[in-house]
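One file, input05.csv, is given below (CSV, C-alpha atoms).
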chain,number,residue,atom,x,y,z
A,1092,MET,CA,0.0,0.0,0.0
A,1093,LYS,CA,1.3,3.4,-1.0
A,1094,ALA,CA,2.3,5.9,1.7
A,1095,SER,CA,-0.1,8.5,0.1
A,1096,THR,CA,-3.0,6.0,0.4
A,1097,ILE,CA,-2.2,5.3,4.1
A,1098,SER,CA,-2.0,9.0,4.8
A,1099,LEU,CA,-5.3,9.6,3.1
A,1100,LYS,CA,-6.9,6.9,5.2
A,1101,ILE,CA,-5.5,8.3,8.4
A,1102,LEU,CA,-6.7,11.8,7.5
A,1103,LYS,CA,-10.1,10.4,6.7
A,1104,GLY,CA,-10.2,8.6,10.1
A,1105,ILE,CA,-9.2,11.8,11.9
A,1106,GLY,CA,-11.9,13.7,10.1
A,1107,ILE,CA,-14.6,11.2,10.9
A,1108,PHE,CA,-13.5,11.1,14.6
A,1109,SER,CA,-13.4,14.9,14.8
A,1110,PHE,CA,-16.9,15.1,13.3
A,1111,TRP,CA,-18.4,12.9,15.9
A,1112,ILE,CA,-16.5,14.6,18.7
A,1113,GLY,CA,-18.0,17.8,17.5
A,1114,VAL,CA,-21.5,16.3,17.5
A,1115,TRP,CA,-20.9,15.1,21.0
A,1116,TYR,CA,-19.8,18.6,22.1
A,1117,LEU,CA,-22.8,20.2,20.5
A,1118,ALA,CA,-25.2,17.7,22.2
A,1119,SER,CA,-23.5,18.3,25.6
A,1120,THR,CA,-23.8,22.1,25.1
A,1121,LEU,CA,-27.5,21.9,24.2
A,1122,ILE,CA,-28.3,19.6,27.2
A,1123,ASN,CA,-25.9,21.5,29.5
A,1124,LYS,CA,-26.2,19.0,32.3
A,1125,GLU,CA,-23.2,16.7,32.6
A,1126,ILE,CA,-25.2,14.2,34.7
A,1127,PHE,CA,-27.0,13.4,31.5
A,1128,LEU,CA,-24.3,13.9,28.9
A,1129,PRO,CA,-20.8,14.9,30.0
A,1130,PHE,CA,-18.5,16.8,27.7
A,1131,PRO,CA,-15.8,14.8,25.8
A,1132,HIS,CA,-13.0,16.6,27.7
A,1133,THR,CA,-14.6,15.6,31.0
A,1134,VAL,CA,-14.6,12.0,30.0
A,1135,ALA,CA,-11.0,12.2,28.8
A,1136,LEU,CA,-9.9,13.8,32.0
A,1137,ARG,CA,-11.7,11.1,34.0
A,1138,PHE,CA,-10.1,8.4,31.9
A,1139,LEU,CA,-6.6,9.8,32.7
A,1140,GLU,CA,-7.5,9.9,36.3
A,1141,LEU,CA,-8.8,6.3,36.4
A,1142,SER,CA,-6.1,4.9,34.2
A,1143,GLY,CA,-3.5,6.2,36.7
A,1144,THR,CA,-4.7,3.8,39.3
A,1145,ALA,CA,-3.8,0.1,39.7
A,1146,GLY,CA,-7.4,-0.8,40.3
A,1147,PHE,CA,-8.4,0.4,36.8
A,1148,TRP,CA,-6.0,-2.0,35.1
A,1149,THR,CA,-6.9,-4.9,37.5
A,1150,THR,CA,-10.5,-4.4,36.5
A,1151,VAL,CA,-9.7,-4.3,32.8
A,1152,ALA,CA,-7.6,-7.4,33.1
A,1153,ALA,CA,-10.2,-9.3,35.0
A,1154,SER,CA,-13.0,-8.6,32.5
A,1155,LEU,CA,-10.7,-9.2,29.6
A,1156,ALA,CA,-9.7,-12.6,30.9
A,1157,ARG,CA,-13.4,-13.6,31.4
A,1158,ILE,CA,-14.6,-12.4,28.0
A,1159,LEU,CA,-11.7,-14.1,26.1
A,1160,ARG,CA,-12.1,-17.3,28.0
A,1161,GLY,CA,-15.8,-17.4,27.1
A,1162,PHE,CA,-15.0,-16.4,23.5
A,1163,ILE,CA,-12.4,-19.1,23.1
A,1164,TYR,CA,-14.7,-21.8,24.7
A,1165,GLY,CA,-17.5,-20.7,22.4
A,1166,VAL,CA,-15.4,-20.9,19.3
A,1167,VAL,CA,-14.2,-24.4,20.1
A,1168,PHE,CA,-17.6,-25.6,21.3
A,1169,GLY,CA,-19.5,-24.1,18.3
A,1170,SER,CA,-17.0,-25.4,15.8
A,1171,GLY,CA,-17.2,-28.9,17.3
A,1172,ILE,CA,-21.0,-28.9,17.2
A,1173,ALA,CA,-20.9,-27.7,13.5
A,1174,LEU,CA,-18.7,-30.6,12.5
A,1175,LEU,CA,-20.9,-33.0,14.5
A,1176,THR,CA,-24.2,-31.8,13.0
A,1177,HIS,CA,-22.7,-31.7,9.5
A,1178,TYR,CA,-21.5,-35.3,9.5
A,1179,SER,CA,-24.4,-36.8,11.6
A,1180,SER,CA,-28.0,-36.1,10.6
A,1181,LEU,CA,-29.1,-37.6,14.0
A,1182,ALA,CA,-26.9,-35.1,15.9
A,1183,GLY,CA,-28.2,-32.3,13.7
A,1184,GLY,CA,-31.8,-33.2,14.4
A,1185,LEU,CA,-31.2,-33.3,18.2
A,1186,ILE,CA,-28.8,-30.3,18.6
A,1187,SER,CA,-30.0,-27.8,16.1
A,1188,PRO,CA,-33.3,-26.9,17.9
A,1189,PHE,CA,-31.3,-26.5,21.2
A,1190,ILE,CA,-28.8,-24.1,19.5
A,1191,ARG,CA,-31.6,-22.0,18.0
A,1192,MET,CA,-33.3,-21.9,21.4
A,1193,VAL,CA,-30.1,-20.6,23.0
A,1194,ARG,CA,-29.9,-17.8,20.4
A,1195,ALA,CA,-33.5,-16.7,21.3
A,1196,VAL,CA,-33.2,-16.6,25.1
A,1197,PRO,CA,-32.3,-13.2,26.5
A,1198,VAL,CA,-28.9,-12.7,28.2
A,1199,ALA,CA,-30.7,-11.5,31.4
A,1200,SER,CA,-32.7,-14.7,31.6
A,1201,PHE,CA,-29.6,-16.9,31.3
A,1202,THR,CA,-27.7,-14.8,33.7
A,1203,LEU,CA,-30.4,-15.0,36.4
A,1204,LEU,CA,-30.7,-18.8,35.9
A,1205,LEU,CA,-26.9,-19.2,36.2
A,1206,PHE,CA,-27.0,-17.6,39.6
A,1207,LEU,CA,-28.3,-20.9,40.8
A,1208,TRP,CA,-25.5,-23.0,39.4
A,1209,LEU,CA,-22.3,-21.0,39.0
A,1210,ASP,CA,-20.0,-18.7,40.9
A,1211,ASN,CA,-20.5,-15.0,40.1
A,1212,ASP,CA,-17.1,-14.8,38.5
A,1213,MET,CA,-17.9,-17.6,36.1
A,1214,ILE,CA,-21.3,-16.4,34.9
A,1215,PRO,CA,-19.9,-13.9,32.3
A,1216,VAL,CA,-17.6,-16.6,30.9
A,1217,PHE,CA,-20.5,-19.0,30.4
A,1218,ILE,CA,-22.7,-16.2,29.0
A,1219,ALA,CA,-20.0,-15.3,26.4
A,1220,LEU,CA,-19.7,-19.0,25.5
A,1221,LEU,CA,-23.5,-19.3,25.0
A,1222,MET,CA,-23.5,-16.3,22.7
A,1223,VAL,CA,-20.5,-17.2,20.6
A,1224,ALA,CA,-21.2,-21.0,20.1
A,1225,PRO,CA,-24.4,-20.6,18.0
A,1226,ILE,CA,-22.7,-18.0,15.7
A,1227,MET,CA,-19.8,-20.3,15.1
A,1228,TRP,CA,-22.1,-23.3,14.6
A,1229,GLU,CA,-24.2,-21.4,12.0
A,1230,ASN,CA,-21.2,-20.0,10.1
A,1231,LEU,CA,-19.2,-23.2,10.0
A,1232,SER,CA,-22.3,-25.2,9.1
A,1233,ALA,CA,-22.8,-22.8,6.1
A,1234,GLY,CA,-19.1,-23.2,5.2
A,1235,LEU,CA,-19.2,-27.0,5.3
A,1236,GLY,CA,-22.3,-27.0,3.2
A,1237,ALA,CA,-20.8,-24.7,0.6
A,1238,MET,CA,-17.5,-26.6,0.3
A,1239,ASP,CA,-16.7,-27.6,-3.3
A,1240,LYS,CA,-17.3,-31.4,-3.3
A,1241,GLY,CA,-15.6,-31.7,-6.7
A,1242,LEU,CA,-12.2,-30.6,-5.2
A,1243,LEU,CA,-12.6,-33.1,-2.4
A,1244,GLU,CA,-13.3,-35.9,-4.9
A,1245,MET,CA,-10.4,-34.8,-7.0
A,1246,ALA,CA,-8.1,-35.0,-3.9
A,1247,LYS,CA,-9.3,-38.5,-3.3
A,1248,VAL,CA,-8.8,-39.6,-6.9
A,1249,TYR,CA,-5.3,-38.3,-7.0
A,1250,ARG,CA,-4.6,-39.6,-3.5
A,1251,ILE,CA,-3.5,-36.2,-2.2
A,1252,PRO,CA,-2.4,-36.6,1.5
A,1253,ARG,CA,-5.0,-35.7,4.0
A,1254,GLY,CA,-2.8,-33.0,5.6
A,1255,LYS,CA,-2.3,-31.3,2.2
A,1256,THR,CA,-6.1,-31.5,1.5
A,1257,LEU,CA,-6.8,-29.8,4.8
A,1258,LYS,CA,-4.2,-27.1,4.2
A,1259,LYS,CA,-4.9,-26.4,0.5
A,1260,ILE,CA,-8.7,-27.1,0.2
A,1261,ILE,CA,-10.6,-27.4,3.4
A,1262,PHE,CA,-9.0,-24.7,5.5
A,1263,PRO,CA,-9.1,-22.0,2.7
A,1264,SER,CA,-12.7,-22.9,2.0
A,1265,LEU,CA,-13.8,-22.6,5.6
A,1266,SER,CA,-11.5,-19.6,6.5
A,1267,PRO,CA,-14.0,-16.8,5.4
A,1268,TYR,CA,-16.8,-18.4,7.4
A,1269,PHE,CA,-14.6,-19.0,10.4
A,1270,CYS,CA,-13.3,-15.4,10.3
A,1271,SER,CA,-16.8,-14.0,10.0
A,1272,GLY,CA,-18.1,-16.1,12.8
A,1273,MET,CA,-15.2,-15.1,15.1
A,1274,LEU,CA,-15.7,-11.4,14.3
A,1275,THR,CA,-19.5,-11.5,15.0
A,1276,GLY,CA,-19.0,-13.7,18.0
A,1277,LEU,CA,-16.3,-11.4,19.5
A,1278,GLY,CA,-18.7,-8.4,19.4
A,1279,LEU,CA,-21.5,-10.5,21.1
A,1280,ALA,CA,-19.0,-11.9,23.6
A,1281,TRP,CA,-18.2,-8.4,24.8
A,1282,LYS,CA,-21.7,-7.1,24.8
A,1283,SER,CA,-23.2,-10.2,26.6
A,1284,GLY,CA,-20.3,-10.7,28.9
A,1285,ILE,CA,-20.3,-7.1,30.2
A,1286,ALA,CA,-24.1,-7.2,30.5
A,1287,ALA,CA,-23.7,-10.4,32.6
A,1288,GLU,CA,-21.1,-8.7,34.8
A,1289,VAL,CA,-23.5,-5.8,35.4
A,1290,ILE,CA,-26.1,-8.3,36.6
A,1291,SER,CA,-23.9,-10.8,38.4
A,1292,TYR,CA,-21.5,-8.4,40.0
A,1293,PRO,CA,-18.3,-10.4,40.0
A,1294,SER,CA,-15.6,-9.4,42.6
A,1295,VAL,CA,-13.7,-7.3,40.1
A,1296,ALA,CA,-15.2,-6.4,36.7
A,1297,ILE,CA,-15.9,-3.6,34.2
A,1298,GLY,CA,-19.6,-4.5,34.5
A,1299,LYS,CA,-19.5,-4.0,38.2
A,1300,ALA,CA,-17.7,-0.6,37.8
A,1301,LEU,CA,-20.5,0.3,35.3
A,1302,GLY,CA,-23.2,-0.7,37.7
A,1303,GLU,CA,-21.6,1.3,40.5
A,1304,ALA,CA,-21.1,4.4,38.3
A,1305,LYS,CA,-24.8,4.2,37.4
A,1306,THR,CA,-25.9,3.9,41.0
A,1307,TYR,CA,-23.9,6.9,42.1
A,1308,LEU,CA,-24.8,8.9,39.0
A,1309,GLU,CA,-21.1,9.1,37.9
A,1310,THR,CA,-22.0,9.5,34.2
A,1311,ALA,CA,-18.4,10.3,33.2
A,1312,ASP,CA,-17.3,6.9,34.6
A,1313,VAL,CA,-20.1,5.2,32.6
A,1314,PHE,CA,-18.7,6.8,29.4
A,1315,VAL,CA,-15.1,5.9,30.4
A,1316,TRP,CA,-15.8,2.2,30.9
A,1317,THR,CA,-18.0,2.1,27.8
A,1318,VAL,CA,-15.1,3.5,25.7
A,1319,VAL,CA,-12.7,1.0,27.3
A,1320,VAL,CA,-15.0,-1.9,26.2
A,1321,ILE,CA,-15.4,-0.5,22.7
A,1322,ALA,CA,-11.6,0.0,22.4
A,1323,LEU,CA,-10.8,-3.6,23.6
A,1324,SER,CA,-13.4,-5.1,21.3
A,1325,LEU,CA,-12.1,-3.1,18.2
A,1326,ALA,CA,-8.5,-4.0,19.1
A,1327,PHE,CA,-9.2,-7.7,19.2
A,1328,GLU,CA,-11.3,-7.5,16.1
A,1329,GLY,CA,-8.4,-5.9,14.3
A,1330,LEU,CA,-6.1,-8.6,15.6
A,1331,ILE,CA,-8.3,-11.4,14.2
A,1332,ARG,CA,-8.5,-9.6,10.8
A,1333,LEU,CA,-4.7,-9.3,10.8
A,1334,LEU,CA,-4.2,-13.0,11.6
A,1335,PHE,CA,-6.6,-14.2,8.9
A,1336,ARG,CA,-5.0,-11.8,6.4
A,1337,LYS,CA,-1.6,-13.2,7.1
A,1338,ARG,CA,-3.0,-16.7,7.0
A,1339,ARG,CA,-4.4,-16.1,3.5
A,1340,LYS,CA,-1.1,-14.8,2.2
A,1341,LYS,CA,0.7,-17.9,3.4
A,1342,VAL,CA,-1.8,-20.3,1.6
In structure tokens, write the structure found in this file.
Amino acid sequence: MKASTISLKILKGIGIFSFWIGVWYLASTLINKEIFLPFPHTVALRFLELSGTAGFWTTVAASLARILRGFIYGVVFGSGIALLTHYSSLAGGLISPFIRMVRAVPVASFTLLLFLWLDNDMIPVFIALLMVAPIMWENLSAGLGAMDKGLLEMAKVYRIPRGKTLKKIIFPSLSPYFCSGMLTGLGLAWKSGIAAEVISYPSVAIGKALGEAKTYLETADVFVWTVVVIALSLAFEGLIRLLFRKRRKKV
């Protein structure tokens, strides 16, 4: 990519960011009550204040660990279920309705039910798993169904080693579906996991900090923690895109 193209993208990004900050300032000025909508500089100063404490980073690390655990478990579980239901019609008939039911049940309902069975710190992990697994199942099931059967037959006819078939045919075919499922699942993992933290109140968590900020009407804190969640989600989304982009170049 040319340097001029990169510079243009950076300038475009700065322009879009500046536009929405301007909209935020205008809205804050019109409302003129920071308890409802604080100014951007108020949120920025509060972020600098909070980020200078050890407790802030401990809270971020705790929630990050929970969400990523739930996300990884969901990716593995959902992928396994997709393979099982694809190659076994009996398994498909038994599991598919349950997966669809899981997708339809609200996060709050699951969270309240899990109070009976799990420790508060584990509830967000399990909620993230439940949100990610159906997405991975649906995407990989679509990928397995769309795979070119002709290429697989050709690999059998020419006795291409199984490892090479996986690397050159199966993985590249499933990669877009897997990547799409992970990106969608990651966003849901953060949304559902933090929502579960707000309800379950783990010992240390971003969701707990959000709940306390709401209780004490510390609106700037609500904005700070929300921005932190968005930033973490976007950072890991970018990492996933980068890894898959590098993977495609190697194939």
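Protein, DNA and RNA residues at most 7 Å from (-18.0, -10.2, 36.8), with only C-alpha atoms, are these: Ser1154, Asn1211, Asp1212, Pro1215, Glu1288, Ser1291, Tyr1292, Pro1293, Ser1294, Val1295, Ala1296, Gly1298 and Lys1299 of chain A.
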Worksheet entry | Who sits within 10 Å of Arg1194 (chain A), all atoms listed in the file, same chain under 2 positions skipped, as number ranges by chain | A: 1189-1192, 1196-1198, 1221-1226
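In this comparison, which uses all atoms listed in the file, the residue of A:Phe1262, A:Trp1111, A:Trp1281, A:Phe1168 approaching Ala1219 (chain A) most closely is A:Trp1281.
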Practice prompt. Record the distance separating CA of Glu1244 (chain A) and CA of Ile1261 (chain A), expressed in Å with one decimal.
Written response: 12.2 Å
Compile the contact shell of Glu1140 (chain A) as a JSON list (two decimals) with C-alpha atoms, in the coordinates of the input: residues with an atom at most 12 Å away, counting all atoms listed in the file, same-chain residues fewer than 5 positions apart removed.
[["chain", "number", "residue", "atom", "x", "y", "z"],
["A", 1133, "THR", "CA", -14.60, 15.60, 31.00],
["A", 1134, "VAL", "CA", -14.60, 12.00, 30.00],
["A", 1135, "ALA", "CA", -11.00, 12.20, 28.80],
["A", 1145, "ALA", "CA", -3.80, 0.10, 39.70],
["A", 1146, "GLY", "CA", -7.40, -0.80, 40.30],
["A", 1147, "PHE", "CA", -8.40, 0.40, 36.80],
["A", 1311, "ALA", "CA", -18.40, 10.30, 33.20],
["A", 1312, "ASP", "CA", -17.30, 6.90, 34.60],
["A", 1315, "VAL", "CA", -15.10, 5.90, 30.40]]
With a distance cut-off of 12 Å and only C-alpha atoms, select the neighbouring residues of Tyr1116 (chain A), excluding the residue or stretch itself and same-chain residues fewer than 2 positions from it, and output the selection as a PDB file with C-alpha atoms, in the frame of the given file.
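Contents of the output file around.pdb:
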ATOM      1  CA  SER A1109     -13.400  14.900  14.800  1.00  0.00           C
ATOM      2  CA  PHE A1110     -16.900  15.100  13.300  1.00  0.00           C
ATOM      3  CA  TRP A1111     -18.400  12.900  15.900  1.00  0.00           C
ATOM      4  CA  ILE A1112     -16.500  14.600  18.700  1.00  0.00           C
ATOM      5  CA  GLY A1113     -18.000  17.800  17.500  1.00  0.00           C
ATOM      6  CA  VAL A1114     -21.500  16.300  17.500  1.00  0.00           C
ATOM      7  CA  ALA A1118     -25.200  17.700  22.200  1.00  0.00           C
ATOM      8  CA  SER A1119     -23.500  18.300  25.600  1.00  0.00           C
ATOM      9  CA  THR A1120     -23.800  22.100  25.100  1.00  0.00           C
ATOM     10  CA  LEU A1121     -27.500  21.900  24.200  1.00  0.00           C
ATOM     11  CA  ILE A1122     -28.300  19.600  27.200  1.00  0.00           C
ATOM     12  CA  ASN A1123     -25.900  21.500  29.500  1.00  0.00           C
ATOM     13  CA  GLU A1125     -23.200  16.700  32.600  1.00  0.00           C
ATOM     14  CA  LEU A1128     -24.300  13.900  28.900  1.00  0.00           C
ATOM     15  CA  PRO A1129     -20.800  14.900  30.000  1.00  0.00           C
ATOM     16  CA  PHE A1130     -18.500  16.800  27.700  1.00  0.00           C
ATOM     17  CA  PRO A1131     -15.800  14.800  25.800  1.00  0.00           C
ATOM     18  CA  HIS A1132     -13.000  16.600  27.700  1.00  0.00           C
ATOM     19  CA  THR A1133     -14.600  15.600  31.000  1.00  0.00           C
ATOM     20  CA  VAL A1134     -14.600  12.000  30.000  1.00  0.00           C
TER      21      VAL A1134
END
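Counting from CA of Lys1259 (chain A), the distance to CA of Gly1329 (chain A) is 25.0 Å.
Coordinates place CA of Thr1310 (chain A) at a distance of 5.7 Å from CA of Ile1126 (chain A).
Comparing the minimum interatomic distances between Phe1127 (chain A) and each of A:Leu1308, A:Tyr1268, A:Thr1176, A:Thr1144, counting all atoms listed in the file, we find that A:Leu1308 sits nearest.
Closest to Gly1184 (chain A) among A:Leu1274, A:Ile1321, A:Ile1172, A:Leu1102 is A:Ile1172, based on only C-alpha atoms.
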Worksheet item: Using only C-alpha atoms, which of the listed residues (A:Ala1233, A:Leu1325, A:Met1213, A:Met1273) sits closest to Ala1156 (chain A)?
Response: A:Met1213
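In terms of minimum interatomic distance to Thr1317 (chain A), A:Val1151 ranks closest within A:Leu1117, A:Val1167, A:Val1151, A:Ala1173, counting all atoms listed in the file.
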Item to complete: Find the residues around Leu1323 (chain A) up to 9 Å (only C-alpha atoms counted), leave out those fewer than 4 positions away in its own chain, and share them as a ChimeraX atom specification.
Response: /A:1155,1281,1318-1319,1327-1328
